[in-house]
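Scroll down for the structure; my scribbles are underneath it.
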Amino acid sequence: MTTGRGGADIVFAMAVSLRDVRMIYRSGTRQVLALDDVNVDFPPGTFSAVMGPSGSGKSTLLHCAAGLDRPTGGVVSIAGTPLGDLDETALTRLRRDRVGFVFQAFNLVSSLSAAQNVALPLRLAGRRPAAGEVTAALGAVGLADRARHRPSELSGGEQQRVAIARALITRPAVVFADEPTGALDTRTSRQVLDLLRALVDEHGQTIVMVTHDPVAAAMADRVLLLADGRLAGELTGADAGAIAARMTMLESAC
Amino acid sequence: MLTRDRLGTFVAVVLSTTIVAAALLLWTSSRPRVPDRFAGLGVVVQSPAATNPAEFFAEPVPWPAATAQELADRLGKLPGVTAVVQDRPFYAQPVRSGRPVPGLTTGYGWSAGAARLVAGTPPTGERDVVVGSDLGVPIGHEVTVLTATGPASWRVTGHVEGSAVLVAGTVAARLQPGVRAIGLGGDPDPAAVRAVVGSAGTVLTGAGRGALEPRADARLRWIGTQVLTATVALAGFACVFLVASTSAFGVNQRRREIGLLRAVGATPRQIRSTLYRSALLVGGVAAALGVLLGAVLALVLDGFLVDARFQPVGFTVHWEPWALAVAFLAGPLVSLLGAAASARRASRIGPLEALRVAEVEDRPMSRSRWIAGLTAAAIGAAAGIYTATAADVTDMAQFALLGAMALIVAAALLAPVVVPLLVRLLLWPVTGITGSLVRESALTGVRRTASTAAPVLLTVAFGVFITGTVQTSTAAYAVRRATTVDTGTVLIPNGTPGLTDAAAPGAPLPTQVYVAGASVAVVGLPTQSPGTALVSPDAAGKFGDSVTLTYADGARETLRITGEAPAGPVPAELVLARDVVRDHDRSALAPAAFTATAATTPGSELVPVATYAERADAEEDRLVWSFTLLLLVMSAGAGALAVANTLLMSTRHRVRDYRVLRLAGATPRQVARTVALESTLVVTIGSLLGGATAMLALLGSAGSLAAQVGAEISVIVPWPLISAIVAACLVLALVASTPSALRARPSR
């Protein structure tokens, strides 16, 4: 645990930092503790995977860290900005400018073409994309020739790559990926994971990915394990087999 | 469970069964009422009915005084008869403080059996009168009474309860020699009465005496029935339309879900029957509630109908079980009809739909939609052409309405063809991301856009068409009236049903005569000589060289036809000498006098021609306009409801889209702006298409009117009223769509 001035410096240096983050869901009289005083930092230029059994709170962690949901207690900071002080509009602006999202369900706007989808965050921010910016972004994910297609005319892998291009167009401090390969077959999963890895290695992009797939997690620099809303361990440089073994242990402990 | 999709159908069916139940109840309650003066006379003999069609409201052919007296004498000898009253209504209107008493326009002969004095003595002398005690004229005082010849002073000899004007029997026999009804007091045997009367008249007993109600009341009830019929037709049409568009929408939105059902083994037939069952169930429950509300509504409307003069005074609701049963059955029926098309479409959804990743639409125009749309357009065009050339006004109105309905259906079906163009045009000036989002969304979902716009289309089209038809034809008739008058000013009645001889000695005097048992409109002109008649060009073929007619007093005469009548301001088939008309109808009143020199007496006023042209049918115009507003409020209400409903549904189904937008970085305000712009776009498209459709239908009516009036007729539409309807639709659309968009959160 870091304290004092030094702690503040570390928070500032982190792409994303969670301090004593607690999340309680209430349904009727029942309370569910989804996150229990979680402390975690995601340094810039790193690729982290978050794993855990179902109900371990990994999606909640991602939602809180990305500013999609507000925690019951604790502080979440993105690029040094504590999110608790921001109202909904300011939070949206921060997400728009500093955070990129990639989801299992792609979440593309079905009526817009690939290029229009990629340009969407910029245009929502009131900016006109510079000439070639969108094409370059699509080119970077290997879809330069699909710019005018609608999501319904693209394969799942292609849609996910459009979503990645969209996530990157604002040059965000961090990209959150929620089961990005969940809806894809092995081959397209591989393509998408290689793409994410390349973004970290070649552009210093920070990526936080929630997954239950050990193969996907093995692509990350480190793997955070979550159980019952608490951090249950961390693996660095482990291969898919080691991760899978660790996961099996965690699940049987539950 | 009522999901929101079903809620749309539910509300539509509740609304329509409410209207149908209320209208049917009021309709069955609209029965002729036995006039008070016959209340104590158990059996009444009426003179033979005129052979005109029923909606002509012709008075029966009167017996001449001698025939009536002879019949009365014979009836008086029957056992059980205690009084014989020859009914002789005539025009008589007391004047108080210089103004004719409103609503008190008919005098009767005194008869001991029919009225009861509360004070004074019965009238016996030439100028004796018994009046209601509420008139405020003490016994022994003089009162001015208007009769068809003019004002005169009468002496009040007695008072009766309520309001009445009663004179001596001999005086009544002179003012109204012809008799149309003979009432029998006591307890005579109707069969015996029938035997005495034979073919000379009709014997009425009990509720059958309702046939004696004033013709004006019968006409009023008929208008009321027309209003109610139109209301039921409109409610039915609007409801089927609403349910159809709502359920088509629901099916469209749930393609994936239905595809999934098909994938797990549901047959198309099962899908269909599921939708039908749901429609039946929702329709049934909604109908039960609707009938209940309808009964309450009928009770509320009861007084309103009398106040608005759609029904005569004394009208009350009767409870007819069958009316409620019919209204109840209408609910599920309407619901089924509305669901039919979409059920058919739903059953054609393939199991593969479930596997589609994104919601994509089929081609905006399917073949069956093209066929149905073009057929409706063809029917609309045919009805429009027929309307424009129709000679008969009643035919015209019916065909114009049919044409308008067909055109509206066609516009709704063919809308996807023009929607892309309209979207591009309307969003031309809108730049920025909001504009592109709305444009792309509307263009990808052309069919969705069209079906969301459909209720607005219906509402606006009906509003423009109904109000436009009424205002255009009112103006057209005023134009026609003005063109037949060549003087600058006109003397018109003020507070009286017409002008007396004293007010307008030479004015055209209309009356009814009977030719071969049928009532014929006649006008008396001072220029015509007795014993001759002119025939109007329209009726030229109906009579030969001479015509034998029965006057209002029962007298018969044969007149020589000497030529064709010139067009005049008072329409009539025959023109007779004015003095002849006055001799045979002592109650005839002139509707207006067209000589600028006419003196002003009580109950008349001098006005410019334009005012006369507007006022001549003011009462009728007022009735029609209240009727129009009633229909308008109903259709606008139903339409607005549908607008809110479809938008609520579409917004809910698109919450995912809004969440995606939020995830892509849109602020709640940006999402709300997008949704608001989209709703505005939809309302605008609906209004434009609806307005254009109605204007098309109106041009047909205007063409027909122009031909009838013989002058250029321009279409008049009360745009402020229409704007208000559009504004209401817009407000509802925004209220229905934006809040749920504002609530769309980026996380699940």
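Each chain of the structure tokens is named A, B, ... in the order shown, its residues numbered from 1; ligands are numbered from 1 in display order.
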Extract, using only C-alpha atoms, all DNA, RNA and protein residues at most 6 Å from region 18-30 of chain A, discarding same-chain residues fewer than 2 positions from it, and format them as JSON, numbers by chain. {"A": [32, 33, 34, 35, 36, 37, 38, 39, 40, 71, 72, 73, 74, 75, 76]}
Export C-alpha atoms of the chosen residues as a PDB file, in the first residue's frame?
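Writing the result to again_35.pdb gives the following:
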```
ATOM      1  CA  VAL A  32     -24.228  -8.217  -3.078  1.00  0.00           C
ATOM      2  CA  LEU A  33     -20.634  -7.173  -2.497  1.00  0.00           C
ATOM      3  CA  ALA A  34     -19.278  -7.196  -6.057  1.00  0.00           C
ATOM      4  CA  LEU A  35     -15.961  -5.449  -5.312  1.00  0.00           C
ATOM      5  CA  ASP A  36     -14.404  -5.509  -1.891  1.00  0.00           C
ATOM      6  CA  ASP A  37     -11.776  -2.737  -1.399  1.00  0.00           C
ATOM      7  CA  VAL A  38      -9.878  -3.394  -4.579  1.00  0.00           C
ATOM      8  CA  ASN A  39      -6.540  -1.624  -5.063  1.00  0.00           C
ATOM      9  CA  VAL A  40      -4.949  -1.981  -8.468  1.00  0.00           C
ATOM     10  CA  PRO A  71     -18.369   2.575  -7.370  1.00  0.00           C
ATOM     11  CA  THR A  72     -20.074   2.671  -3.977  1.00  0.00           C
ATOM     12  CA  GLY A  73     -16.796   3.664  -2.347  1.00  0.00           C
ATOM     13  CA  GLY A  74     -13.176   4.383  -3.226  1.00  0.00           C
ATOM     14  CA  VAL A  75     -11.472   6.384  -5.958  1.00  0.00           C
ATOM     15  CA  VAL A  76     -10.974   5.529  -9.631  1.00  0.00           C
TER      16      VAL A  76
END
```
Near chain A, meaning an atom within 12 Å, which residues of chain B appear when counting only C-alpha atoms? Write them as a ChimeraX atom specification. /B:355-361,431-446,654-671,673-674,742-748
Would you mind listing what lies within 8 Å of region 601-608 of chain B as a short mmCIF file (atom, residue, chain, number, x, y, z; two decimals) with N, CA and C atoms, in the first residue's frame, with only C-alpha atoms counted and same-chain residues fewer than 3 positions away left out?
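What ended up in out-v1.cif:
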```
data_model
loop_
_atom_site.label_atom_id
_atom_site.label_comp_id
_atom_site.auth_asym_id
_atom_site.auth_seq_id
_atom_site.Cartn_x
_atom_site.Cartn_y
_atom_site.Cartn_z
N GLY B 98 -89.91 44.27 -26.83
CA GLY B 98 -89.45 44.54 -28.19
C GLY B 98 -88.71 43.40 -28.87
N ARG B 99 -88.52 42.27 -28.14
CA ARG B 99 -87.80 41.15 -28.76
C ARG B 99 -88.68 39.90 -28.79
N PRO B 100 -88.70 39.20 -29.91
CA PRO B 100 -89.48 37.96 -29.98
C PRO B 100 -88.93 36.96 -28.95
N GLY B 488 -77.89 45.35 -52.64
CA GLY B 488 -76.75 45.53 -51.73
C GLY B 488 -77.05 45.06 -50.32
N THR B 489 -78.31 45.21 -49.88
CA THR B 489 -78.65 44.82 -48.52
C THR B 489 -79.83 43.85 -48.53
N VAL B 490 -79.93 43.08 -47.47
CA VAL B 490 -80.98 42.06 -47.37
C VAL B 490 -81.60 42.16 -45.98
N LEU B 491 -82.93 42.02 -45.93
CA LEU B 491 -83.62 42.00 -44.65
C LEU B 491 -83.72 40.54 -44.21
N ILE B 492 -83.19 40.23 -43.04
CA ILE B 492 -83.23 38.83 -42.59
C ILE B 492 -83.87 38.75 -41.21
N PRO B 493 -84.38 37.57 -40.84
CA PRO B 493 -85.03 37.42 -39.54
C PRO B 493 -84.02 37.59 -38.41
N ASN B 494 -84.49 38.07 -37.29
CA ASN B 494 -83.63 38.21 -36.13
C ASN B 494 -84.41 37.72 -34.92
N GLY B 495 -84.15 36.51 -34.49
CA GLY B 495 -84.87 35.96 -33.35
C GLY B 495 -86.19 35.30 -33.71
N THR B 496 -86.50 35.24 -35.00
CA THR B 496 -87.73 34.58 -35.45
C THR B 496 -87.35 33.54 -36.50
N LEU B 499 -89.54 35.97 -41.81
CA LEU B 499 -90.08 37.33 -41.84
C LEU B 499 -91.59 37.28 -42.04
N ALA B 502 -95.77 41.84 -42.51
CA ALA B 502 -95.58 43.23 -42.10
C ALA B 502 -94.14 43.66 -42.32
N ALA B 503 -93.19 42.75 -42.08
CA ALA B 503 -91.78 43.08 -42.24
C ALA B 503 -91.39 43.08 -43.71
N THR B 611 -73.20 39.35 -45.33
CA THR B 611 -73.63 38.86 -44.03
C THR B 611 -74.78 37.87 -44.19
N TYR B 612 -75.73 38.23 -45.09
CA TYR B 612 -76.85 37.33 -45.35
C TYR B 612 -76.34 35.98 -45.84
#
```
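In this structure, CA of Ala454 (chain B) sits 23.7 Å away from CA of Gln398 (chain B).
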Write out as a list in words the residues lying within 7 Å of region 728-737 of chain B, counting only C-alpha atoms and excluding same-chain residues fewer than 6 positions away. Val456, Ala640, Val643, Ala644, Leu647, Leu648, Thr651, Val675, Ala676, Ser679, Thr680 and Val683 of chain B
